[in-house]
$ cat entry31.tsv   # TSV, C-alpha atoms
chain	number	residue	atom	x	y	z
Q	2	MET	CA	-5.73	74.58	-15.90
Q	3	LYS	CA	-7.89	73.07	-13.17
Q	4	LYS	CA	-10.27	71.68	-15.80
Q	5	ALA	CA	-7.39	70.06	-17.68
Q	6	LEU	CA	-6.18	68.35	-14.50
Q	7	ILE	CA	-9.65	66.98	-13.81
Q	8	TRP	CA	-9.82	65.55	-17.33
Q	9	ILE	CA	-6.40	63.96	-16.92
Q	10	VAL	CA	-7.52	62.30	-13.68
Q	11	ILE	CA	-10.74	61.05	-15.31
Q	12	ALA	CA	-8.85	59.72	-18.34
Q	13	GLY	CA	-6.42	57.89	-16.06
Q	14	ALA	CA	-9.25	56.32	-14.08
Q	15	VAL	CA	-11.02	55.18	-17.27
Q	16	ALA	CA	-7.77	53.69	-18.62
Q	17	GLY	CA	-7.20	51.85	-15.34
Q	18	ILE	CA	-10.69	50.39	-15.28
Q	19	ALA	CA	-10.40	49.35	-18.92
Q	20	PHE	CA	-7.08	47.62	-18.21
Q	21	LEU	CA	-8.53	45.64	-15.32
Q	22	ALA	CA	-11.69	44.76	-17.26
Q	23	PHE	CA	-9.85	43.51	-20.33
Q	24	LYS	CA	-6.83	41.97	-18.67
Q	25	PRO	CA	-6.15	38.63	-20.42
Q	26	ALA	CA	-7.67	35.67	-18.61
Q	27	GLY	CA	-5.70	32.53	-17.72
Q	28	GLY	CA	-3.22	31.41	-15.10
Q	29	GLY	CA	-3.96	30.85	-11.46
Q	30	VAL	CA	-5.81	27.85	-10.16
Q	31	LYS	CA	-8.83	26.34	-11.83
Q	32	ASN	CA	-10.87	23.25	-11.05
Q	33	VAL	CA	-11.13	20.66	-13.80
Q	34	ASP	CA	-13.00	17.39	-14.32
Q	35	SER	CA	-11.83	14.25	-16.17
Q	36	ALA	CA	-12.30	15.89	-19.55
Q	37	GLY	CA	-10.36	18.92	-18.33
Q	38	VAL	CA	-7.48	16.69	-17.23
Q	39	ILE	CA	-7.32	15.09	-20.67
Q	40	ALA	CA	-7.50	18.47	-22.37
Q	41	ALA	CA	-4.72	19.88	-20.19
Q	42	GLN	CA	-2.57	16.80	-20.77
Q	43	GLY	CA	-3.09	17.24	-24.51
Q	44	LYS	CA	-1.69	20.74	-24.21
Q	45	GLY	CA	1.41	19.48	-22.41
Q	46	ALA	CA	0.41	19.81	-18.77
Q	47	GLN	CA	2.15	17.50	-16.30
Q	48	ILE	CA	-0.19	15.39	-14.19
Q	49	ILE	CA	0.90	15.16	-10.56
Q	50	ASP	CA	-0.48	12.43	-8.31
Q	51	VAL	CA	0.16	13.45	-4.70
Q	52	ARG	CA	-1.03	10.19	-3.12
Q	53	SER	CA	1.31	7.68	-1.53
Q	54	GLN	CA	3.39	5.37	-3.70
Q	55	GLY	CA	1.22	2.41	-2.71
Q	56	GLU	CA	-1.97	4.16	-3.75
Q	57	TYR	CA	-0.34	5.26	-6.99
Q	58	GLU	CA	0.73	1.73	-7.84
Q	59	LEU	CA	-2.78	0.45	-7.34
Q	60	GLY	CA	-4.03	2.66	-10.12
Q	61	HIS	CA	-3.23	6.10	-11.49
Q	62	ILE	CA	-4.09	8.37	-14.37
Q	63	PRO	CA	-1.98	7.37	-17.40
Q	64	GLY	CA	0.99	9.68	-17.83
Q	65	SER	CA	0.85	10.96	-14.26
Q	66	VAL	CA	3.89	11.24	-12.02
Q	67	ASN	CA	3.77	10.17	-8.38
Q	68	VAL	CA	4.98	12.90	-6.05
Q	69	PRO	CA	3.61	12.10	-2.58
Q	70	LEU	CA	2.42	15.21	-0.75
Q	71	ASP	CA	5.14	14.97	1.88
Q	72	THR	CA	7.83	15.09	-0.83
Q	73	LEU	CA	6.18	17.72	-3.02
Q	74	GLN	CA	7.87	20.82	-1.66
Q	75	ALA	CA	11.35	19.41	-2.17
Q	76	ALA	CA	10.54	17.87	-5.54
Q	77	ALA	CA	8.80	20.96	-6.90
Q	78	ALA	CA	11.63	23.29	-5.97
Q	79	SER	CA	13.27	22.68	-9.35
Q	80	TRP	CA	10.10	22.69	-11.47
Q	81	ASP	CA	9.18	25.35	-14.03
Q	82	ARG	CA	6.86	27.87	-12.34
Q	83	ASN	CA	5.29	28.83	-15.67
Q	84	ALA	CA	4.38	25.33	-16.83
Q	85	THR	CA	0.89	23.91	-16.30
Q	86	TYR	CA	0.34	21.17	-13.74
Q	87	VAL	CA	-2.74	19.10	-13.03
Q	88	VAL	CA	-2.85	18.01	-9.40
Q	89	TYR	CA	-4.97	15.21	-8.00
Q	90	CYS	CA	-5.21	12.75	-5.12
Q	91	ALA	CA	-7.92	10.32	-4.03
Q	92	SER	CA	-10.71	12.71	-3.24
Q	93	GLY	CA	-9.41	16.26	-3.13
Q	94	ALA	CA	-8.04	16.85	0.38
Q	95	ARG	CA	-4.35	16.25	-0.24
Q	96	SER	CA	-4.46	17.81	-3.68
Q	97	ALA	CA	-6.01	20.97	-2.19
Q	98	GLU	CA	-3.07	21.14	0.18
Q	99	ALA	CA	-0.69	20.54	-2.74
Q	100	VAL	CA	-2.32	23.30	-4.79
Q	101	SER	CA	-2.02	25.69	-1.86
Q	102	MET	CA	1.65	24.76	-1.42
Q	103	MET	CA	2.43	25.17	-5.12
Q	104	THR	CA	0.63	28.51	-5.27
Q	105	THR	CA	2.74	29.75	-2.36
Q	106	MET	CA	5.84	28.49	-4.19
Q	107	GLY	CA	4.96	30.68	-7.18
Q	108	PHE	CA	3.42	28.22	-9.64
Q	109	LYS	CA	1.21	30.18	-11.99
Q	110	ASN	CA	-0.88	27.58	-13.80
Q	111	ILE	CA	-2.44	24.82	-11.74
Q	112	ASP	CA	-5.44	22.73	-12.72
Q	113	HIS	CA	-6.99	21.07	-9.70
Q	114	PHE	CA	-8.74	17.76	-10.37
Q	115	ALA	CA	-10.49	18.19	-7.05
Q	116	GLN	CA	-12.80	15.19	-7.34
Q	117	GLY	CA	-9.74	13.00	-7.43
Q	118	VAL	CA	-8.96	9.67	-9.01
Q	119	GLN	CA	-12.28	8.25	-7.84
Q	120	ALA	CA	-13.98	10.52	-10.38
Q	121	TRP	CA	-11.64	9.62	-13.24
Q	122	THR	CA	-13.70	8.30	-16.11
Q	123	GLY	CA	-10.89	6.81	-18.20
Q	124	LYS	CA	-8.85	3.69	-17.60
Q	125	LEU	CA	-6.18	3.67	-14.92
Q	126	ASP	CA	-2.63	2.42	-15.24
Q	127	SER	CA	-1.31	0.19	-12.49
Q	128	GLY	CA	2.12	0.03	-10.90
Q	129	ALA	CA	2.98	-3.04	-12.98
Q	130	LYS	CA	4.72	-0.81	-15.50
Q	131	SER	CA	7.29	0.55	-13.06
Q	132	ALA	CA	7.88	-2.89	-11.52
Q	133	ALA	CA	8.70	-4.21	-14.98
Q	134	GLN	CA	11.49	-1.68	-15.45
Q	135	THR	CA	14.88	-3.22	-15.15
Q	136	VAL	CA	18.42	-1.95	-14.70
Q	137	GLN	CA	21.63	-3.81	-15.41
Q	138	THR	CA	23.28	-4.88	-12.17
Q	139	SER	CA	26.43	-6.72	-11.22
Q	140	GLY	CA	24.41	-9.14	-9.13
Q	141	LYS	CA	24.12	-6.74	-6.20
Q	142	PRO	CA	21.21	-4.46	-5.34
Q	143	VAL	CA	21.63	-0.90	-6.62
Q	144	MET	CA	20.53	2.48	-5.36
Q	145	ILE	CA	20.47	5.11	-8.09
Q	146	GLU	CA	20.13	8.81	-7.38
Q	147	PHE	CA	19.40	11.13	-10.29
Q	148	TYR	CA	20.43	14.66	-9.31
Q	149	THR	CA	21.65	18.01	-10.47
Q	150	ASP	CA	24.04	20.44	-8.80
Q	151	SER	CA	21.74	23.40	-9.39
M	4	MET	CA	21.49	14.38	-0.06
M	5	ARG	CA	25.12	13.69	-0.93
M	6	PRO	CA	26.48	13.21	2.63
M	7	LEU	CA	23.54	10.93	3.45
M	8	VAL	CA	24.09	8.77	0.39
M	9	GLU	CA	27.85	8.64	0.87
M	10	GLY	CA	27.36	7.62	4.51
M	11	LEU	CA	25.11	4.78	3.44
M	12	GLU	CA	27.57	3.80	0.73
M	13	GLN	CA	30.21	3.27	3.41
M	14	THR	CA	27.81	1.32	5.61
M	15	TYR	CA	26.69	-1.01	2.81
M	16	LYS	CA	30.04	-1.25	1.01
M	17	GLY	CA	30.23	-4.51	-0.93
M	18	LYS	CA	26.55	-5.27	-0.37
M	19	VAL	CA	24.75	-2.53	-2.27
M	20	GLU	CA	26.01	-0.57	-5.27
M	21	PHE	CA	25.40	3.19	-5.17
M	22	ARG	CA	25.18	5.18	-8.39
M	23	ARG	CA	24.85	8.97	-8.19
M	24	LEU	CA	24.01	10.26	-11.66
M	25	ASN	CA	24.15	13.93	-12.61
M	26	VAL	CA	21.50	14.49	-15.27
M	27	GLU	CA	22.89	17.91	-16.14
M	28	THR	CA	26.37	16.88	-17.13
M	29	ASP	CA	26.39	13.13	-17.78
M	30	GLN	CA	24.86	11.98	-21.08
M	31	ALA	CA	24.69	8.35	-19.95
M	32	ALA	CA	22.77	9.52	-16.88
M	33	ILE	CA	20.38	11.50	-19.08
M	34	ASP	CA	19.83	8.46	-21.32
M	35	LEU	CA	19.12	6.21	-18.35
M	36	ALA	CA	16.80	8.82	-16.82
M	37	ASN	CA	14.85	8.96	-20.08
M	38	THR	CA	14.68	5.18	-20.30
M	39	MET	CA	13.41	4.94	-16.73
M	40	GLY	CA	10.90	7.75	-17.19
M	41	VAL	CA	12.59	9.99	-14.64
M	42	GLN	CA	11.21	13.49	-14.96
M	43	TYR	CA	12.24	15.26	-11.78
M	44	VAL	CA	15.27	15.46	-9.57
M	45	PRO	CA	16.13	14.15	-7.18
M	46	THR	CA	14.67	10.76	-8.04
M	47	PHE	CA	15.81	7.60	-6.31
M	48	LEU	CA	15.52	4.13	-7.79
M	49	PHE	CA	16.01	1.14	-5.53
M	50	VAL	CA	16.85	-1.85	-7.69
M	51	ASP	CA	17.01	-5.42	-6.44
M	52	ALA	CA	19.84	-7.79	-7.34
M	53	SER	CA	17.95	-9.11	-10.36
M	54	GLY	CA	17.65	-5.61	-11.80
M	55	VAL	CA	13.98	-4.96	-11.08
M	56	VAL	CA	13.11	-1.50	-9.75
M	57	ALA	CA	11.61	-2.24	-6.36
M	58	LYS	CA	10.97	1.35	-5.32
M	59	ASN	CA	10.92	4.74	-7.02
M	60	VAL	CA	10.92	7.91	-4.93
M	61	VAL	CA	10.67	11.45	-6.27
M	62	GLY	CA	11.99	14.19	-3.98
M	63	GLU	CA	14.30	14.43	-1.02
M	64	MET	CA	14.36	11.49	1.39
M	65	SER	CA	14.98	11.49	5.10
M	66	GLN	CA	17.90	9.46	6.45
M	67	GLN	CA	15.41	7.07	8.02
M	68	ASP	CA	13.48	6.48	4.78
M	69	LEU	CA	16.65	6.20	2.72
M	70	THR	CA	18.14	3.67	5.11
M	71	ALA	CA	14.92	1.65	5.21
M	72	ALA	CA	14.71	1.58	1.41
M	73	VAL	CA	18.34	0.41	1.07
M	74	GLN	CA	17.89	-2.17	3.81
M	75	SER	CA	14.85	-3.63	2.07
M	76	LEU	CA	16.88	-4.39	-1.08
M	77	LYS	CA	17.83	-8.01	-1.65

$ encode --input "entry31.tsv" --output "structure tokens"
Amino acid sequence: MKKALIWIVIAGAVAGIAFLAFKPAGGGVKNVDSAGVIAAQGKGAQIIDVRSQGEYELGHIPGSVNVPLDTLQAAAASWDRNATYVVYCASGARSAEAVSMMTTMGFKNIDHFAQGVQAWTGKLDSGAKSAAQTVQTSGKPVMIEFYTDS
Amino acid sequence: MRPLVEGLEQTYKGKVEFRRLNVETDQAAIDLANTMGVQYVPTFLFVDASGVVAKNVVGEMSQQDLTAAVQSLK
């Protein structure tokens, strides 16, 4: 009886070690370079630029969304925690803070472009695109808020 | 954000138009959000009288920032 118990304990330990050793990789935070950003974007990741609006307008990674660091927590509250996000700033300081914040908020897949936009090897888009967007007005300025109740 | 925006709407009545668009329930709002490339809520667009988007802010805004952005519209 005692022998059988010992074998059960050993078998359990071996199974536990095997589970940890062969647990599927993926998720969490990983550092990426320019090529990694492009690869992630190709797989549907959302690129988040946490610099200020002014910095963003000067030049940003094509397809990125500007969410300044001081607005990230509120903006990210409604985001999908299981989606993949690539986070960058100018040189890595603000994006590191953003990654830490998003990890605490429960985001599971974050690619950190830690070298920042200064290390981006592709072309940058400028803010001219957003300035060219127009909305029909009645001749008065307009403030539009897009929101949800949830 | 609603009380803040409604307060500003009263302050700037007749001078600035305020549009609050629910992208969960309003198809026209969803269409406009898609056209404008809006991906997250809340997003605020501050549009000048000629229709050009002067400022685009993603995320909650403080009363001070919201007021400043509305005041800067011409």

$ closest_atom_pairs --input "entry31.tsv" --of "segment 29-85 of chain Q" --to "segment 24-46 of chain M" --cutoff "9 Å" --atoms "all atoms listed in the file" --output "tab-separated table"
residue	atom	partner	partner_atom	distance
Q:Val66	CA	M:Gln42	CA	8.2
Q:Ala75	CA	M:Pro45	CA	8.7
Q:Ala76	CA	M:Val44	CA	6.7
Q:Ala77	CA	M:Tyr43	CA	8.3
Q:Ser79	CA	M:Val44	CA	7.5
Q:Trp80	CA	M:Tyr43	CA	7.7

$ write_last_selection --input "entry31.tsv" --atoms "C-alpha atoms" --output "PDB file, in the frame of the given file"
ATOM      1  CA  VAL Q  66       3.890  11.240 -12.020  1.00  0.00           C
ATOM      2  CA  ALA Q  75      11.350  19.410  -2.170  1.00  0.00           C
ATOM      3  CA  ALA Q  76      10.540  17.870  -5.540  1.00  0.00           C
ATOM      4  CA  ALA Q  77       8.800  20.960  -6.900  1.00  0.00           C
ATOM      5  CA  SER Q  79      13.270  22.680  -9.350  1.00  0.00           C
ATOM      6  CA  TRP Q  80      10.100  22.690 -11.470  1.00  0.00           C
TER       7      TRP Q  80
END

$ closest_residue --input "entry31.tsv" --among "Q:Asn110, Q:Thr104, Q:Val136, Q:Asp50" --to "Ala52 of chain M" --atoms "all atoms listed in the file"
Q:Val136

$ axis_aligned_box --input "entry31.tsv" --around "segment 70-77 of chain M" --padding-each-side "4 Å" --output "lines of an AutoDock Vina configuration file"
center_x = 16.5
center_y = -2.2
center_z = 1.8
size_x = 11.6
size_y = 19.7
size_z = 14.9

$ residues_around --input "entry31.tsv" --residues "Val19 of chain M" --least-positions-apart "3" --cutoff "8 Å" --atoms "all atoms listed in the file" --output "PyMOL selection string"
(chain Q and resi 141-144) or (chain M and resi 12+15-16+73)

$ closest_atom_pairs --input "entry31.tsv" --of "chain Q" --to "chain M" --cutoff "12 Å" --atoms "only C-alpha atoms" --output "tab-separated table"
residue	atom	partner	partner_atom	distance
Q:Gln47	CA	M:Gln42	CA	10.0
Q:Ile48	CA	M:Gln42	CA	11.6
Q:Ile49	CA	M:Val61	CA	11.3
Q:Asp50	CA	M:Val61	CA	11.4
Q:Val51	CA	M:Val61	CA	10.8
Q:Ser53	CA	M:Val60	CA	10.2
Q:Gln54	CA	M:Val60	CA	8.0
Q:Gly55	CA	M:Lys58	CA	10.1
Q:Tyr57	CA	M:Asn59	CA	11.3
Q:Glu58	CA	M:Lys58	CA	10.6
Q:Gly64	CA	M:Gly40	CA	10.1
Q:Ser65	CA	M:Gln42	CA	10.7
Q:Val66	CA	M:Gln42	CA	8.2
Q:Asn67	CA	M:Val61	CA	7.3
Q:Val68	CA	M:Val61	CA	5.9
Q:Pro69	CA	M:Val61	CA	8.0
Q:Leu70	CA	M:Gly62	CA	10.2
Q:Asp71	CA	M:Gly62	CA	9.0
Q:Thr72	CA	M:Gly62	CA	5.3
Q:Leu73	CA	M:Gly62	CA	6.9
Q:Gln74	CA	M:Gly62	CA	8.1
Q:Ala75	CA	M:Gly62	CA	5.6
Q:Ala76	CA	M:Gly62	CA	4.3
Q:Ala77	CA	M:Gly62	CA	8.0
Q:Ala78	CA	M:Gly62	CA	9.3
Q:Ser79	CA	M:Val44	CA	7.5
Q:Trp80	CA	M:Tyr43	CA	7.7
Q:Asp81	CA	M:Tyr43	CA	10.8
Q:Gly128	CA	M:Lys58	CA	10.5
Q:Ala129	CA	M:Val56	CA	10.7
Q:Lys130	CA	M:Val56	CA	10.2
Q:Ser131	CA	M:Val56	CA	7.0
Q:Ala132	CA	M:Val56	CA	5.7
Q:Ala133	CA	M:Val55	CA	6.6
Q:Gln134	CA	M:Val56	CA	5.9
Q:Thr135	CA	M:Val55	CA	4.5
Q:Val136	CA	M:Gly54	CA	4.7
Q:Gln137	CA	M:Gly54	CA	5.7
Q:Thr138	CA	M:Gly54	CA	5.7
Q:Ser139	CA	M:Ala52	CA	7.7
Q:Gly140	CA	M:Ala52	CA	5.1
Q:Lys141	CA	M:Ala52	CA	4.6
Q:Pro142	CA	M:Ala52	CA	4.1
Q:Val143	CA	M:Glu20	CA	4.6
Q:Met144	CA	M:Phe49	CA	4.7
Q:Ile145	CA	M:Arg22	CA	4.7
Q:Glu146	CA	M:Phe47	CA	4.6
Q:Phe147	CA	M:Leu24	CA	4.9
Q:Tyr148	CA	M:Pro45	CA	4.8
Q:Thr149	CA	M:Asn25	CA	5.2
Q:Asp150	CA	M:Asn25	CA	7.5
Q:Ser151	CA	M:Glu27	CA	8.8

$ atom_distance --input "entry31.tsv" --atom1 "atom CA of Gln119 of chain Q" --atom2 "atom CA of Ala84 of chain Q"
25.5 Å

$ atom_distance --input "entry31.tsv" --atom1 "atom CA of Lys31 of chain Q" --atom2 "atom CA of Arg95 of chain Q"
16.0 Å

$ atom_distance --input "entry31.tsv" --atom1 "atom CA of Lys124 of chain Q" --atom2 "atom CA of Asn32 of chain Q"
20.7 Å

$ residues_around --input "entry31.tsv" --residues "Leu125 of chain Q" --least-positions-apart "5" --cutoff "8 Å" --atoms "all atoms listed in the file" --output "list of chain:residue names"
Q:Gly60, Q:His61, Q:Ile62, Q:Pro63

$ residues_around --input "entry31.tsv" --residues "Thr85 of chain Q" --least-positions-apart "5" --cutoff "10 Å" --atoms "only C-alpha atoms" --output "tab-separated table (two decimals) with C-alpha atoms, in the coordinates of the input"
chain	number	residue	atom	x	y	z
Q	28	GLY	CA	-3.22	31.41	-15.10
Q	29	GLY	CA	-3.96	30.85	-11.46
Q	30	VAL	CA	-5.81	27.85	-10.16
Q	41	ALA	CA	-4.72	19.88	-20.19
Q	42	GLN	CA	-2.57	16.80	-20.77
Q	44	LYS	CA	-1.69	20.74	-24.21
Q	45	GLY	CA	1.41	19.48	-22.41
Q	46	ALA	CA	0.41	19.81	-18.77
Q	47	GLN	CA	2.15	17.50	-16.30
Q	48	ILE	CA	-0.19	15.39	-14.19
Q	108	PHE	CA	3.42	28.22	-9.64
Q	109	LYS	CA	1.21	30.18	-11.99
Q	110	ASN	CA	-0.88	27.58	-13.80
Q	111	ILE	CA	-2.44	24.82	-11.74
Q	112	ASP	CA	-5.44	22.73	-12.72

$ build_atoms --input "entry31.tsv" --residues "segment 76-109 of chain Q" --atoms "N, CA and C atoms" --output "compact mmCIF listing (two decimals), in the coordinates of the input"
# COMPACT_ATOMS: atom_id res chain seq x y z
N ALA Q 76 10.50 18.26 -4.13
CA ALA Q 76 10.54 17.87 -5.54
C ALA Q 76 10.23 19.05 -6.44
N ALA Q 77 9.26 19.87 -6.04
CA ALA Q 77 8.80 20.96 -6.90
C ALA Q 77 9.74 22.15 -6.92
N ALA Q 78 10.72 22.14 -6.05
CA ALA Q 78 11.63 23.29 -5.97
C ALA Q 78 12.32 23.56 -7.31
N SER Q 79 12.54 22.50 -8.09
CA SER Q 79 13.27 22.68 -9.35
C SER Q 79 12.34 22.74 -10.56
N TRP Q 80 11.03 22.72 -10.34
CA TRP Q 80 10.10 22.69 -11.47
C TRP Q 80 9.90 24.10 -12.05
N ASP Q 81 9.47 24.11 -13.32
CA ASP Q 81 9.18 25.35 -14.03
C ASP Q 81 7.90 25.98 -13.48
N ARG Q 82 8.02 27.18 -12.95
CA ARG Q 82 6.86 27.87 -12.34
C ARG Q 82 5.82 28.29 -13.37
N ASN Q 83 6.22 28.36 -14.63
CA ASN Q 83 5.29 28.83 -15.67
C ASN Q 83 4.59 27.70 -16.41
N ALA Q 84 5.02 26.47 -16.17
CA ALA Q 84 4.38 25.33 -16.83
C ALA Q 84 3.02 25.07 -16.18
N THR Q 85 2.21 24.24 -16.85
CA THR Q 85 0.89 23.91 -16.30
C THR Q 85 0.94 22.53 -15.65
N TYR Q 86 0.38 22.44 -14.48
CA TYR Q 86 0.34 21.17 -13.74
C TYR Q 86 -1.10 20.86 -13.38
N VAL Q 87 -1.45 19.59 -13.51
CA VAL Q 87 -2.74 19.10 -13.03
C VAL Q 87 -2.46 18.30 -11.76
N VAL Q 88 -3.13 18.65 -10.68
CA VAL Q 88 -2.85 18.01 -9.40
C VAL Q 88 -4.08 17.23 -8.94
N TYR Q 89 -3.85 15.99 -8.51
CA TYR Q 89 -4.97 15.21 -8.00
C TYR Q 89 -4.51 14.26 -6.89
N CYS Q 90 -5.48 13.79 -6.12
CA CYS Q 90 -5.21 12.75 -5.12
C CYS Q 90 -6.37 11.77 -5.16
N ALA Q 91 -6.81 11.26 -4.04
CA ALA Q 91 -7.92 10.32 -4.03
C ALA Q 91 -9.26 11.04 -4.11
N SER Q 92 -9.40 12.05 -3.29
CA SER Q 92 -10.71 12.71 -3.24
C SER Q 92 -10.65 14.22 -3.05
N GLY Q 93 -9.49 14.80 -3.11
CA GLY Q 93 -9.41 16.26 -3.13
C GLY Q 93 -8.74 16.92 -1.94
N ALA Q 94 -8.59 16.21 -0.82
CA ALA Q 94 -8.04 16.85 0.38
C ALA Q 94 -6.54 17.12 0.23
N ARG Q 95 -5.79 16.07 -0.11
CA ARG Q 95 -4.35 16.25 -0.24
C ARG Q 95 -3.99 17.13 -1.43
N SER Q 96 -4.77 16.99 -2.51
CA SER Q 96 -4.46 17.81 -3.68
C SER Q 96 -4.73 19.28 -3.39
N ALA Q 97 -5.75 19.57 -2.56
CA ALA Q 97 -6.01 20.97 -2.19
C ALA Q 97 -4.82 21.54 -1.43
N GLU Q 98 -4.26 20.71 -0.56
CA GLU Q 98 -3.07 21.14 0.18
C GLU Q 98 -1.89 21.35 -0.78
N ALA Q 99 -1.78 20.44 -1.75
CA ALA Q 99 -0.69 20.54 -2.74
C ALA Q 99 -0.85 21.81 -3.58
N VAL Q 100 -2.07 22.10 -3.98
CA VAL Q 100 -2.32 23.30 -4.79
C VAL Q 100 -1.94 24.55 -3.99
N SER Q 101 -2.34 24.56 -2.72
CA SER Q 101 -2.02 25.69 -1.86
C SER Q 101 -0.50 25.86 -1.74
N MET Q 102 0.19 24.74 -1.56
CA MET Q 102 1.65 24.76 -1.42
C MET Q 102 2.30 25.28 -2.70
N MET Q 103 1.83 24.77 -3.84
CA MET Q 103 2.43 25.17 -5.12
C MET Q 103 2.14 26.63 -5.44
N THR Q 104 0.96 27.10 -5.05
CA THR Q 104 0.63 28.51 -5.27
C THR Q 104 1.58 29.39 -4.47
N THR Q 105 1.81 29.00 -3.22
CA THR Q 105 2.74 29.75 -2.36
C THR Q 105 4.15 29.74 -2.95
N MET Q 106 4.50 28.62 -3.60
CA MET Q 106 5.84 28.49 -4.19
C MET Q 106 5.98 29.29 -5.50
N GLY Q 107 4.88 29.83 -5.99
CA GLY Q 107 4.96 30.68 -7.18
C GLY Q 107 4.53 30.04 -8.48
N PHE Q 108 3.91 28.85 -8.41
CA PHE Q 108 3.42 28.22 -9.64
C PHE Q 108 2.20 28.99 -10.14
N LYS Q 109 2.21 29.26 -11.44
CA LYS Q 109 1.21 30.18 -11.99
C LYS Q 109 0.02 29.49 -12.64
